[in-house]
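Below is input-v4.txt, holding compact mmCIF, C-alpha atoms.
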```
# COMPACT_ATOMS: atom_id res chain seq x y z
CA MET D 1 0.00 0.00 0.00
CA ALA D 2 2.85 2.33 0.81
CA MET D 3 4.25 1.66 -2.63
CA VAL D 4 0.96 2.63 -4.24
CA GLY D 5 0.97 5.88 -2.29
CA VAL D 6 4.44 6.79 -3.46
CA VAL D 7 3.57 6.12 -7.08
CA LEU D 8 0.28 7.95 -7.01
CA LEU D 9 1.79 11.04 -5.46
CA HIS D 10 2.96 11.96 -8.93
CA VAL D 11 -0.45 11.63 -10.54
CA ALA D 12 -2.09 14.82 -9.32
CA PRO D 13 -3.51 16.76 -12.24
CA PRO D 14 -1.84 20.06 -13.06
CA VAL D 15 -3.55 23.26 -11.98
CA ARG D 16 -5.50 24.61 -14.91
CA ALA D 17 -7.61 27.68 -14.85
CA HIS D 18 -9.19 30.31 -16.95
CA HIS D 19 -5.93 32.13 -17.58
CA ALA D 20 -2.21 31.88 -16.87
CA PHE D 21 -1.59 33.42 -13.47
CA ALA D 22 2.13 33.81 -14.09
CA ALA D 23 1.36 36.05 -17.07
CA GLU D 24 -0.92 38.37 -15.13
CA PHE D 25 0.87 38.46 -11.77
CA ASP D 26 4.50 38.77 -10.71
CA VAL D 27 5.88 35.96 -8.54
CA SER D 28 8.82 38.20 -7.57
CA LYS D 29 6.44 40.74 -6.03
CA PRO D 30 4.57 39.17 -3.11
CA LEU D 31 2.75 41.67 -0.93
CA LYS D 32 0.72 41.29 2.23
CA LEU D 33 -2.17 43.74 2.32
CA GLU D 34 -4.22 44.61 5.37
CA GLY D 35 -7.39 46.56 4.77
CA THR D 36 -11.15 46.64 4.86
CA LEU D 37 -13.54 45.41 2.22
CA VAL D 38 -15.24 48.25 0.34
CA LYS D 39 -16.68 46.31 -2.61
CA TRP D 40 -16.92 42.76 -3.90
CA GLU D 41 -17.45 42.36 -7.65
CA MET D 42 -18.90 38.87 -7.68
CA ILE D 43 -18.50 38.46 -11.42
CA ASN D 44 -17.23 35.96 -13.94
CA PRO D 45 -14.74 34.86 -14.96
CA HIS D 46 -13.06 36.14 -11.78
CA SER D 47 -14.34 37.90 -8.69
CA TRP D 48 -12.63 41.10 -7.56
CA PHE D 49 -12.41 42.27 -3.96
CA HIS D 50 -11.79 45.99 -3.50
CA ILE D 51 -10.09 46.74 -0.21
CA ASP D 52 -8.98 50.03 1.28
CA VAL D 53 -5.47 49.88 2.68
CA LYS D 54 -4.31 52.64 5.01
CA ALA D 55 -0.64 53.64 4.79
CA PRO D 56 1.36 54.69 7.89
CA ASP D 57 0.94 58.34 6.87
CA GLY D 58 -2.84 57.94 6.92
CA THR D 59 -3.44 57.97 3.18
CA VAL D 60 -5.81 55.31 1.89
CA VAL D 61 -5.22 53.34 -1.28
CA THR D 62 -7.83 51.05 -2.83
CA TRP D 63 -6.54 47.73 -4.10
CA MET D 64 -8.32 45.26 -6.38
CA ILE D 65 -7.75 41.64 -5.45
CA GLU D 66 -8.57 38.86 -7.91
CA GLY D 67 -10.47 35.77 -6.78
CA GLY D 68 -12.12 32.90 -8.65
CA SER D 69 -15.41 32.30 -10.44
CA PRO D 70 -18.41 33.00 -8.21
CA ASN D 71 -20.56 30.20 -9.63
CA GLN D 72 -19.23 27.63 -7.22
CA LEU D 73 -19.77 30.00 -4.31
CA ILE D 74 -23.35 30.72 -5.38
CA ARG D 75 -23.97 26.97 -5.39
CA LEU D 76 -22.69 26.91 -1.83
CA GLY D 77 -25.19 29.58 -0.80
CA VAL D 78 -22.76 32.49 -0.77
CA THR D 79 -23.95 35.93 -1.93
CA LYS D 80 -22.07 39.17 -2.34
CA HIS D 81 -23.44 40.15 1.06
CA THR D 82 -21.90 37.12 2.79
CA ILE D 83 -18.77 39.13 3.51
CA PRO D 84 -20.07 42.53 4.63
CA VAL D 85 -18.49 45.74 3.44
CA GLY D 86 -16.21 46.90 6.22
CA THR D 87 -14.92 43.41 7.00
CA PRO D 88 -11.21 43.63 7.87
CA LEU D 89 -9.13 41.33 5.71
CA ILE D 90 -5.51 40.36 5.42
CA VAL D 91 -4.59 39.15 1.97
CA GLU D 92 -1.33 37.57 0.90
CA THR D 93 -0.98 38.50 -2.75
CA TYR D 94 1.24 38.67 -5.78
CA LEU D 95 1.11 42.02 -7.56
CA ALA D 96 -0.16 42.49 -11.10
CA LYS D 97 2.53 42.89 -13.73
CA ASP D 98 0.85 45.96 -15.18
CA GLY D 99 2.00 48.08 -12.22
CA THR D 100 -1.47 49.13 -11.06
CA ASN D 101 -2.96 48.47 -7.62
CA LYS D 102 -4.13 44.99 -8.49
CA ALA D 103 -3.07 41.62 -7.15
CA VAL D 104 -4.14 38.00 -6.96
CA GLY D 105 -5.63 36.98 -3.62
CA ARG D 106 -3.45 34.02 -2.84
CA ASN D 107 -4.63 33.69 0.76
CA PHE D 108 -7.35 35.54 2.66
CA THR D 109 -7.32 35.64 6.46
CA LEU D 110 -8.97 37.57 9.27
CA PRO D 111 -6.88 39.71 11.60
CA ASP D 112 -7.12 36.97 14.26
CA GLY D 113 -5.48 34.51 11.91
CA ARG D 114 -8.50 32.49 10.83
CA ARG D 115 -8.52 31.57 7.16
CA LEU D 116 -11.39 32.81 5.06
CA PHE D 117 -13.70 29.93 4.27
CA LEU D 118 -16.72 30.38 2.11
CA GLY D 119 -19.46 27.83 1.89
CA GLY D 120 -20.90 24.99 3.85
CA SER D 121 -22.62 27.10 6.44
CA ALA D 122 -24.57 29.63 4.43
CA PRO D 123 -28.29 29.11 3.71
CA GLY D 124 -28.78 26.68 0.87
CA ALA D 125 -25.26 25.43 1.07
CA ASN D 126 -24.47 21.88 0.12
CA PRO D 127 -23.34 20.33 3.41
CA ASN D 128 -21.17 17.86 1.56
CA LYS D 129 -19.00 20.62 0.14
CA MET G 1 -23.77 32.84 9.41
CA ALA G 2 -20.28 31.53 9.79
CA ILE G 3 -18.10 32.54 6.92
CA PHE G 4 -14.75 31.82 8.48
CA GLU G 5 -13.48 28.43 9.35
CA ARG G 6 -10.14 27.09 10.48
CA ARG G 7 -10.20 24.03 8.31
CA SER G 8 -9.86 24.08 4.57
CA LYS G 9 -12.56 22.83 2.26
CA VAL G 10 -10.34 20.01 1.16
CA LEU G 11 -9.81 18.75 4.67
CA GLY G 12 -13.50 19.07 5.30
CA ALA G 13 -14.19 17.24 2.11
CA ALA G 14 -12.49 14.11 3.37
CA ALA G 15 -15.86 13.15 4.77
CA GLY G 16 -17.01 12.96 1.20
CA VAL G 17 -17.66 15.58 -1.41
CA VAL G 18 -19.49 13.08 -3.48
CA LEU G 19 -21.68 13.77 -6.39
CA VAL G 20 -25.14 13.03 -5.23
CA SER G 21 -27.10 10.31 -6.88
CA VAL G 22 -30.69 11.06 -7.48
CA THR G 23 -33.52 8.59 -7.47
CA LEU G 24 -35.79 9.40 -10.32
CA ALA G 25 -39.30 9.60 -9.02
CA GLY G 26 -41.67 7.11 -10.52
CA GLN G 27 -39.04 5.34 -12.58
CA ALA G 28 -37.44 2.02 -12.07
CA PRO G 29 -33.72 1.93 -11.33
CA ALA G 30 -31.69 1.07 -14.38
CA SER G 31 -29.23 -1.24 -12.74
CA HIS G 32 -29.61 -4.94 -12.00
CA GLY G 33 -31.42 -5.66 -15.24
CA LYS G 34 -34.27 -3.26 -14.60
CA PRO G 35 -35.37 -1.02 -17.45
CA LEU G 36 -33.65 2.28 -18.11
CA PRO G 37 -35.73 5.41 -17.72
CA ARG G 38 -37.47 6.55 -20.88
CA THR G 39 -39.12 9.74 -22.00
CA ALA G 40 -42.88 9.89 -22.50
CA TRP G 41 -42.28 9.39 -26.25
CA GLY G 42 -40.08 6.35 -25.70
CA ASP G 43 -36.49 7.59 -26.11
CA PRO G 44 -33.90 6.69 -23.48
CA ASP G 45 -34.06 9.47 -20.88
CA LEU G 46 -30.75 11.32 -20.47
CA GLN G 47 -32.27 14.38 -18.87
CA GLY G 48 -30.86 16.00 -15.79
CA ILE G 49 -27.91 18.00 -14.55
CA TRP G 50 -24.68 16.10 -14.79
CA SER G 51 -21.20 16.75 -13.48
CA ILE G 52 -18.00 15.57 -15.09
CA ALA G 53 -15.75 16.83 -12.27
CA THR G 54 -13.10 14.24 -11.51
CA ILE G 55 -9.50 13.95 -10.41
CA THR G 56 -8.83 11.14 -12.90
CA PRO G 57 -6.12 12.42 -15.25
CA PHE G 58 -6.90 12.88 -18.93
CA GLU G 59 -3.95 10.75 -20.00
CA ARG G 60 -2.50 7.85 -18.07
CA PRO G 61 0.58 8.93 -16.11
CA ALA G 62 3.83 7.10 -16.84
CA THR G 63 3.81 5.84 -13.25
CA LEU G 64 0.66 3.85 -14.03
CA ALA G 65 1.77 2.47 -17.41
CA GLY G 66 0.22 -0.92 -18.05
CA LYS G 67 -2.42 -0.44 -15.38
CA PRO G 68 -5.76 0.52 -16.94
CA VAL G 69 -7.88 0.25 -13.77
CA LEU G 70 -7.22 1.02 -10.10
CA THR G 71 -8.31 -1.22 -7.26
CA GLU G 72 -10.66 0.33 -4.72
CA GLU G 73 -7.76 0.76 -2.31
CA GLU G 74 -5.57 2.39 -4.94
CA ALA G 75 -8.40 4.71 -5.95
CA ALA G 76 -8.88 5.77 -2.33
CA GLU G 77 -5.16 6.40 -1.98
CA LEU G 78 -5.03 8.40 -5.20
CA GLU G 79 -7.94 10.54 -4.02
CA LYS G 80 -6.27 11.15 -0.70
CA GLN G 81 -2.94 12.07 -2.25
CA THR G 82 -4.50 14.25 -4.94
CA LEU G 83 -6.55 16.21 -2.44
CA LYS G 84 -3.40 16.84 -0.50
CA THR G 85 -1.29 17.93 -3.46
CA SER G 86 -4.00 19.98 -5.14
CA ASN G 87 -5.09 21.78 -1.96
CA GLN G 88 -4.85 25.43 -2.94
CA ASP G 89 -4.71 26.51 0.71
CA ARG G 90 -1.22 25.10 1.20
CA ARG G 91 1.50 27.74 1.26
CA ASP G 92 4.65 25.68 1.06
CA GLY G 93 6.67 27.05 -1.78
CA ALA G 94 5.52 30.64 -1.18
CA GLY G 95 7.31 32.95 -3.57
CA THR G 96 7.58 30.31 -6.29
CA ASP G 97 5.71 29.79 -9.53
CA VAL G 98 4.01 26.76 -8.00
CA ASP G 99 2.51 28.90 -5.27
CA LEU G 100 1.44 31.58 -7.73
CA ALA G 101 -0.20 28.95 -9.94
CA ARG G 102 -2.31 27.84 -6.98
CA ALA G 103 -3.84 31.28 -7.32
CA TYR G 104 -6.72 31.41 -4.86
CA ASN G 105 -7.89 29.72 -1.69
CA ASP G 106 -9.39 26.31 -2.15
CA PHE G 107 -13.02 27.31 -1.77
CA TRP G 108 -13.03 28.76 -5.26
CA TRP G 109 -12.22 25.46 -6.95
CA ASP G 110 -14.45 22.55 -7.80
CA ARG G 111 -12.32 20.08 -9.68
CA GLY G 112 -13.83 17.08 -7.93
CA THR G 113 -12.54 14.86 -5.20
CA LYS G 114 -13.13 11.44 -6.68
CA VAL G 115 -11.74 9.32 -9.47
CA VAL G 116 -14.30 8.30 -12.07
CA SER G 117 -16.66 5.54 -10.97
CA THR G 118 -15.06 3.05 -13.37
CA ARG G 119 -11.70 3.67 -11.63
CA GLN G 120 -10.01 3.80 -15.07
CA THR G 121 -6.57 5.38 -14.73
CA SER G 122 -7.08 7.84 -17.58
CA LEU G 123 -10.02 9.39 -19.34
CA VAL G 124 -8.39 8.33 -22.62
CA VAL G 125 -9.45 4.70 -23.13
CA ASP G 126 -8.32 4.11 -26.70
CA PRO G 127 -5.46 3.63 -27.53
CA PRO G 128 -5.23 1.08 -24.71
CA ASP G 129 -2.16 2.81 -23.26
CA GLY G 130 -4.41 5.70 -22.23
CA ARG G 131 -2.32 8.28 -24.09
CA VAL G 132 -3.31 10.63 -26.90
CA PRO G 133 -1.66 9.33 -30.10
CA ALA G 134 1.32 11.12 -31.57
CA PHE G 135 0.85 14.18 -33.73
CA THR G 136 1.32 13.96 -37.46
CA VAL G 137 4.27 15.98 -38.77
CA GLU G 138 1.88 18.77 -39.68
CA GLY G 139 0.12 18.51 -36.32
CA GLN G 140 3.43 18.78 -34.48
CA LYS G 141 4.39 21.90 -36.42
CA ARG G 142 1.14 23.54 -35.44
CA ALA G 143 1.54 22.45 -31.82
CA THR G 144 5.01 23.98 -31.68
CA ALA G 145 3.75 27.24 -33.17
CA ARG G 146 0.84 27.27 -30.72
CA ALA G 147 3.13 26.79 -27.75
CA ALA G 148 5.18 29.78 -28.82
CA ARG G 149 2.25 32.17 -28.78
CA GLY G 150 2.66 35.04 -26.38
CA TYR G 151 0.69 38.11 -25.40
CA ASP G 152 1.01 40.37 -28.43
CA SER G 153 -2.73 40.29 -28.90
CA TRP G 154 -5.86 38.85 -27.36
CA GLU G 155 -6.05 36.72 -30.49
CA ASP G 156 -2.98 34.84 -29.27
CA ARG G 157 -4.88 33.67 -26.23
CA SER G 158 -7.21 30.68 -25.96
CA LEU G 159 -10.91 30.90 -26.67
CA TRP G 160 -11.58 30.12 -23.01
CA GLU G 161 -9.32 32.98 -21.84
CA ARG G 162 -11.13 35.21 -24.31
CA CYS G 163 -14.52 34.11 -22.93
CA ILE G 164 -15.70 32.93 -26.34
CA THR G 165 -16.25 29.23 -25.68
CA ARG G 166 -14.80 26.28 -23.84
CA GLY G 167 -15.62 24.35 -27.02
CA LEU G 168 -16.06 20.66 -27.68
CA PRO G 169 -15.78 17.96 -26.58
CA MET G 170 -16.78 18.19 -22.92
CA ILE G 171 -13.79 17.69 -20.64
CA PRO G 172 -13.39 18.20 -16.89
CA GLY G 173 -12.07 21.54 -15.71
CA PRO G 174 -11.19 23.19 -12.42
CA TYR G 175 -14.71 24.54 -11.86
CA ASN G 176 -18.14 24.80 -13.52
CA ASN G 177 -18.20 21.17 -14.60
CA ASN G 178 -21.98 20.92 -14.82
CA TYR G 179 -24.01 20.18 -17.93
CA GLN G 180 -27.77 19.95 -18.37
CA ILE G 181 -29.38 17.63 -20.90
CA LEU G 182 -32.94 18.33 -22.06
CA GLN G 183 -34.93 16.30 -24.59
CA THR G 184 -37.95 16.93 -26.76
CA PRO G 185 -39.26 14.71 -29.55
CA GLY G 186 -36.69 15.17 -32.29
CA TYR G 187 -34.12 17.26 -30.41
CA VAL G 188 -31.59 17.06 -27.60
CA VAL G 189 -30.28 20.19 -25.92
CA ILE G 190 -27.02 20.22 -23.97
CA LEU G 191 -26.35 23.29 -21.83
CA HIS G 192 -22.75 23.91 -20.75
CA GLU G 193 -22.24 25.93 -17.58
CA MET G 194 -18.75 27.07 -18.59
CA ILE G 195 -19.33 30.07 -20.91
CA HIS G 196 -23.03 29.02 -20.90
CA ASP G 197 -23.04 27.46 -24.34
CA ALA G 198 -26.11 25.55 -25.50
CA ARG G 199 -26.16 22.94 -28.26
CA ILE G 200 -29.47 22.13 -29.96
CA ILE G 201 -29.01 18.81 -31.73
CA PRO G 202 -31.60 17.55 -34.22
CA LEU G 203 -32.38 13.83 -34.26
CA ASP G 204 -34.55 13.71 -37.37
CA GLY G 205 -31.97 12.43 -39.82
CA ARG G 206 -31.50 15.69 -41.69
CA PRO G 207 -28.16 16.00 -43.53
CA HIS G 208 -25.29 18.14 -42.29
CA ILE G 209 -25.22 21.75 -43.43
CA SER G 210 -22.93 22.74 -46.27
CA PRO G 211 -19.23 22.42 -45.42
CA ALA G 212 -18.92 26.01 -46.61
CA ILE G 213 -20.55 27.01 -43.32
CA ARG G 214 -18.18 26.71 -40.38
CA GLN G 215 -19.27 27.07 -36.75
CA TRP G 216 -17.67 27.34 -33.29
CA PHE G 217 -19.54 24.20 -32.22
CA GLY G 218 -19.52 22.64 -35.66
CA ASP G 219 -22.72 21.10 -37.01
CA SER G 220 -24.15 18.30 -34.89
CA ARG G 221 -26.58 15.56 -35.87
CA GLY G 222 -27.84 13.00 -33.40
CA ARG G 223 -29.31 9.54 -33.73
CA TRP G 224 -30.15 6.63 -31.46
CA GLU G 225 -28.18 3.42 -31.75
CA GLY G 226 -30.05 1.17 -29.34
CA ASN G 227 -29.99 2.99 -26.02
CA THR G 228 -27.04 5.17 -27.00
CA LEU G 229 -27.36 8.71 -28.34
CA VAL G 230 -24.70 9.18 -30.99
CA VAL G 231 -23.88 12.77 -31.93
CA ASP G 232 -21.88 13.33 -35.08
CA THR G 233 -20.26 16.77 -35.43
CA LYS G 234 -18.42 18.23 -38.42
CA HIS G 235 -17.74 21.61 -40.03
CA PHE G 236 -15.91 23.34 -37.22
CA THR G 237 -14.45 26.77 -37.86
CA ASP G 238 -10.66 26.93 -38.03
CA LYS G 239 -10.80 29.22 -34.99
CA VAL G 240 -11.51 26.28 -32.68
CA SER G 241 -9.10 23.52 -31.84
CA PHE G 242 -9.14 20.65 -29.38
CA ARG G 243 -5.62 19.59 -28.46
CA GLY G 244 -4.44 20.87 -31.81
CA SER G 245 -7.28 19.61 -34.02
CA THR G 246 -8.12 21.33 -37.30
CA GLU G 247 -11.39 22.45 -38.87
CA ASP G 248 -11.56 18.95 -40.37
CA LEU G 249 -12.14 17.38 -36.97
CA HIS G 250 -14.88 14.78 -37.04
CA LEU G 251 -16.17 14.44 -33.50
CA ILE G 252 -18.30 11.45 -32.53
CA GLU G 253 -19.91 11.55 -29.09
CA ARG G 254 -21.87 8.78 -27.41
CA PHE G 255 -24.19 9.17 -24.44
CA THR G 256 -25.48 6.04 -22.69
CA ARG G 257 -27.54 5.94 -19.51
CA THR G 258 -25.92 3.19 -17.50
CA ASP G 259 -27.85 3.58 -14.25
CA ALA G 260 -30.10 6.04 -12.45
CA SER G 261 -27.23 8.35 -11.56
CA THR G 262 -24.81 7.89 -14.48
CA VAL G 263 -24.55 8.67 -18.17
CA ARG G 264 -21.46 7.30 -19.86
CA TYR G 265 -20.04 10.01 -22.12
CA GLU G 266 -17.58 8.90 -24.74
CA PHE G 267 -16.01 10.90 -27.53
CA THR G 268 -13.83 9.95 -30.45
CA ILE G 269 -11.44 12.40 -32.09
CA ASP G 270 -10.94 11.74 -35.79
CA ASP G 271 -8.63 14.28 -37.40
CA PRO G 272 -6.00 12.69 -39.68
CA LYS G 273 -4.40 16.08 -40.29
CA THR G 274 -3.46 16.25 -36.61
CA PHE G 275 -3.28 12.80 -35.02
CA THR G 276 -1.67 9.65 -36.38
CA LYS G 277 -4.79 7.68 -35.44
CA LYS G 278 -8.26 8.10 -33.98
CA TRP G 279 -8.56 8.17 -30.23
CA THR G 280 -11.34 7.94 -27.65
CA ALA G 281 -11.96 9.16 -24.13
CA ALA G 282 -14.74 8.08 -21.76
CA ILE G 283 -16.09 10.07 -18.82
CA PRO G 284 -18.95 8.97 -16.55
CA MET G 285 -21.31 11.91 -16.08
CA THR G 286 -22.80 11.84 -12.58
CA ASN G 287 -26.22 13.17 -11.72
CA THR G 288 -26.07 16.12 -9.35
CA ASP G 289 -28.63 18.11 -7.41
CA GLU G 290 -26.56 21.25 -7.96
CA GLN G 291 -27.93 24.06 -10.07
CA ILE G 292 -26.29 25.60 -13.11
CA PHE G 293 -25.71 29.35 -12.99
CA GLU G 294 -24.90 31.76 -15.78
CA TYR G 295 -21.21 32.20 -16.50
CA ALA G 296 -21.30 35.63 -18.12
CA CYS G 297 -17.61 35.76 -18.84
CA HIS G 298 -16.75 38.47 -21.35
CA GLU G 299 -18.01 41.60 -19.63
CA GLY G 300 -16.00 41.00 -16.47
CA ASN G 301 -12.86 39.66 -18.08
CA TYR G 302 -10.48 42.20 -16.51
CA GLY G 303 -7.88 39.45 -16.57
CA MET G 304 -7.43 39.77 -20.33
CA VAL G 305 -6.71 43.50 -20.03
CA ASN G 306 -4.29 42.82 -17.18
CA LEU G 307 -2.47 40.12 -19.16
CA LEU G 308 -1.95 42.37 -22.18
CA LYS G 309 -1.03 45.44 -20.13
CA GLY G 310 1.41 43.37 -18.12
CA ALA G 311 3.07 42.17 -21.31
CA ARG G 312 3.40 45.77 -22.59
CA VAL G 313 4.98 46.89 -19.31
CA LEU G 314 7.48 44.03 -19.49
CA GLU G 315 8.35 44.92 -23.09
CA GLN G 316 9.11 48.51 -22.14
CA SER G 317 11.31 47.45 -19.25
CA LYS G 318 13.60 45.41 -21.49
```

Translate this file's structure into structure tokens.
Amino acid sequence: MAMVGVVLLHVAPPVRAHHAFAAEFDVSKPLKLEGTLVKWEMINPHSWFHIDVKAPDGTVVTWMIEGGSPNQLIRLGVTKHTIPVGTPLIVETYLAKDGTNKAVGRNFTLPDGRRLFLGGSAPGANPNK
Amino acid sequence: MAIFERRSKVLGAAAGVVLVSVTLAGQAPASHGKPLPRTAWGDPDLQGIWSIATITPFERPATLAGKPVLTEEEAAELEKQTLKTSNQDRRDGAGTDVDLARAYNDFWWDRGTKVVSTRQTSLVVDPPDGRVPAFTVEGQKRATARAARGYDSWEDRSLWERCITRGLPMIPGPYNNNYQILQTPGYVVILHEMIHDARIIPLDGRPHISPAIRQWFGDSRGRWEGNTLVVDTKHFTDKVSFRGSTEDLHLIERFTRTDASTVRYEFTIDDPKTFTKKWTAAIPMTNTDEQIFEYACHEGNYGMVNLLKGARVLEQSK
């Protein structure tokens, strides 16, 4: 059985998605953003979270953070109101290559360290998901 | 409403993200020699919402050469290992291309958690080695040119990236793997969630349209062979390509209800300009109680703008 496990470890399908992440975002530019949600564009093919990030000097910059297709979340009972505007978020990102305030949302967490988890508990959610 | 959770979806899914089988009210189960469900007008009933999400690889990995089917234990181990390796919440390798390619947290993805019910080791079933046959010389030249495409224009990008179509045949993807089949006397409709394409396939024996007319989804004609719906598609536009196929692709799809919760979907790729021989893949479609939602892709495709702008910025920095 152990032998099977070793062999099968190499069978995992490659990550495929709607577009090439390495072409849109820069792996050499990771950035951790801490801010509050001001808008969630729950749109296809990719959702976009807009978060306001306050700099040490008090100025506020709005960042757009890319997420995935909302269809799966809708199936799980999530709506664009599931995460209320004003929710504080910490997002580990990679910046967009175009130099604007955009990034891919590699990992969303709350300030207390809990990882963002959408689905399973919202009304209409599939409990098996 | 709890929206935050310490565990990842994948870990939670160990208890079983399983495609739900549905008992069809008022109809006898198809298995164990009992009759298959039929429409009111007597055709085999393929209707429902079906998922093709699976972790079974398209081609058989070299590590499983000579092994067409997994045992139950091997399948369980493969599922366990795949869920671990494909968990998008893992952050080992942060700062590497692998981490960037994982893109988003795991809750966005729906690539399935199970191997196909047949436990075949690849979706490709013919040739028997489970691998797509070699390209012809011409096919290889086109594949090489395709691989070299960059980001000069949106036209260099795939039709899926451009939100035009996911195309044919139906193959599992990382999300939106649901399809709905509807039947009326004389027609079958197949709705694709990804890019919300709909195919309306006549069954009345009419001939194909003129080959002078080329379409994104080709021109499909269906017929029943026993309990199997056979859909014959020709006359694709040269703008579409499946794994390098040309506009001369002849696609033959077969849909067979094998039990109350399964339709066996099989497709054969016949394109002598591209492949050295015909080849076939088979994917069990599993009935699901999930709904299909619109995937209005083009209007929100900021990613395409970002890709092209990023490429221009990189050009200027060189």

Would you place a box with edges along x, y and z of the file around all atoms of region 309-316 of chain G listed there, add 8 Å to each of its six sides, and report the centre and edge lengths in Å to one decimal, as lines of an AutoDock Vina configuration file?
```
center_x = 4.0
center_y = 45.3
center_z = -20.6
size_x = 26.1
size_y = 22.3
size_z = 21.0
```

*Compile the contact shell of region 53-66 of chain G as a PyMOL selection string: residues with an atom at most 6 Å away, counting only C-alpha atoms, same-chain residues fewer than 6 positions apart removed.*
(chain D and resi 13) or (chain G and resi 111-112+114-115+121-124+130-131+172+177)

*Pick the closest to Glu77 (chain G) from G:Arg119, G:Trp160, G:Ala94, G:Glu315: which is it, counting only C-alpha atoms?*
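The closest residue to Glu77 (chain G) is G:Arg119.
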
*For Pro272 (chain G), please output as a PyMOL selection string all residues within 10 Å (counting all atoms listed in the file; exclusion window: fewer than 6 positions along the same chain).*
chain G and resi 135-136+138-139+245-246+248-250+278

Could those selected residues go to a file with C-alpha atoms, as a CSV table (one decimal), in the coordinates of the input?
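The file below, out10.csv, is the result:
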```csv
chain,number,residue,atom,x,y,z
G,135,PHE,CA,0.8,14.2,-33.7
G,136,THR,CA,1.3,14.0,-37.5
G,138,GLU,CA,1.9,18.8,-39.7
G,139,GLY,CA,0.1,18.5,-36.3
G,245,SER,CA,-7.3,19.6,-34.0
G,246,THR,CA,-8.1,21.3,-37.3
G,248,ASP,CA,-11.6,19.0,-40.4
G,249,LEU,CA,-12.1,17.4,-37.0
G,250,HIS,CA,-14.9,14.8,-37.0
G,278,LYS,CA,-8.3,8.1,-34.0
```

*Measuring atom to atom with only C-alpha atoms, identify which of G:Gln47, G:Asn287, G:Asn301, G:Asn306 is nearest to His46 (chain D).*
G:Asn301

Protein and nucleic acid residues near (-13.9, 34.9, -21.0) (cut-off 12 Å, all atoms listed in the file) as a PDB file with C-alpha atoms, in the frame of the given file:
```pdb
ATOM      1  CA  ALA D  17      -7.610  27.680 -14.850  1.00  0.00           C
ATOM      2  CA  HIS D  18      -9.190  30.310 -16.950  1.00  0.00           C
ATOM      3  CA  HIS D  19      -5.930  32.130 -17.580  1.00  0.00           C
ATOM      4  CA  ILE D  43     -18.500  38.460 -11.420  1.00  0.00           C
ATOM      5  CA  ASN D  44     -17.230  35.960 -13.940  1.00  0.00           C
ATOM      6  CA  PRO D  45     -14.740  34.860 -14.960  1.00  0.00           C
ATOM      7  CA  HIS D  46     -13.060  36.140 -11.780  1.00  0.00           C
ATOM      8  CA  SER D  69     -15.410  32.300 -10.440  1.00  0.00           C
TER       9      SER D  69
ATOM     10  CA  TRP G 154      -5.860  38.850 -27.360  1.00  0.00           C
ATOM     11  CA  ARG G 157      -4.880  33.670 -26.230  1.00  0.00           C
ATOM     12  CA  SER G 158      -7.210  30.680 -25.960  1.00  0.00           C
ATOM     13  CA  LEU G 159     -10.910  30.900 -26.670  1.00  0.00           C
ATOM     14  CA  TRP G 160     -11.580  30.120 -23.010  1.00  0.00           C
ATOM     15  CA  GLU G 161      -9.320  32.980 -21.840  1.00  0.00           C
ATOM     16  CA  ARG G 162     -11.130  35.210 -24.310  1.00  0.00           C
ATOM     17  CA  CYS G 163     -14.520  34.110 -22.930  1.00  0.00           C
ATOM     18  CA  ILE G 164     -15.700  32.930 -26.340  1.00  0.00           C
ATOM     19  CA  THR G 165     -16.250  29.230 -25.680  1.00  0.00           C
ATOM     20  CA  ARG G 166     -14.800  26.280 -23.840  1.00  0.00           C
ATOM     21  CA  MET G 194     -18.750  27.070 -18.590  1.00  0.00           C
ATOM     22  CA  ILE G 195     -19.330  30.070 -20.910  1.00  0.00           C
ATOM     23  CA  HIS G 196     -23.030  29.020 -20.900  1.00  0.00           C
ATOM     24  CA  TYR G 295     -21.210  32.200 -16.500  1.00  0.00           C
ATOM     25  CA  ALA G 296     -21.300  35.630 -18.120  1.00  0.00           C
ATOM     26  CA  CYS G 297     -17.610  35.760 -18.840  1.00  0.00           C
ATOM     27  CA  HIS G 298     -16.750  38.470 -21.350  1.00  0.00           C
ATOM     28  CA  GLU G 299     -18.010  41.600 -19.630  1.00  0.00           C
ATOM     29  CA  GLY G 300     -16.000  41.000 -16.470  1.00  0.00           C
ATOM     30  CA  ASN G 301     -12.860  39.660 -18.080  1.00  0.00           C
ATOM     31  CA  TYR G 302     -10.480  42.200 -16.510  1.00  0.00           C
ATOM     32  CA  GLY G 303      -7.880  39.450 -16.570  1.00  0.00           C
ATOM     33  CA  MET G 304      -7.430  39.770 -20.330  1.00  0.00           C
ATOM     34  CA  VAL G 305      -6.710  43.500 -20.030  1.00  0.00           C
TER      35      VAL G 305
END
```

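Nearest to Ala96 (chain D) of all the residues D:Lys32, D:Val38, D:Glu66, D:Ile51 is D:Glu66, based on only C-alpha atoms.
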
*Exercise: Arg206 (chain G) partners within 12 Å, all atoms listed in the file, chain neighbours under 5 positions left out, as a ChimeraX atom specification*: /G:186-187,201,219-223,232

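Taking CA of Thr256 (chain G) as the reference point, CA of Asn227 (chain G) is found at 6.4 Å.
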
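Note that the spacing between CA of Pro207 (chain G) and CA of Asp270 (chain G) amounts to 19.4 Å.
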
*Of the residues D:Thr87, D:Asn101, D:Thr62, D:Asn71, which is the one nearest to chain G, using only C-alpha atoms?*
D:Asn71

_Nearest-residue call for Gly67 (chain D), choices G:Leu191, G:Ala212, G:Ala148, G:Ala103, using only C-alpha atoms_ =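 So, comparing all the options, the nearest one is G:Ala103.
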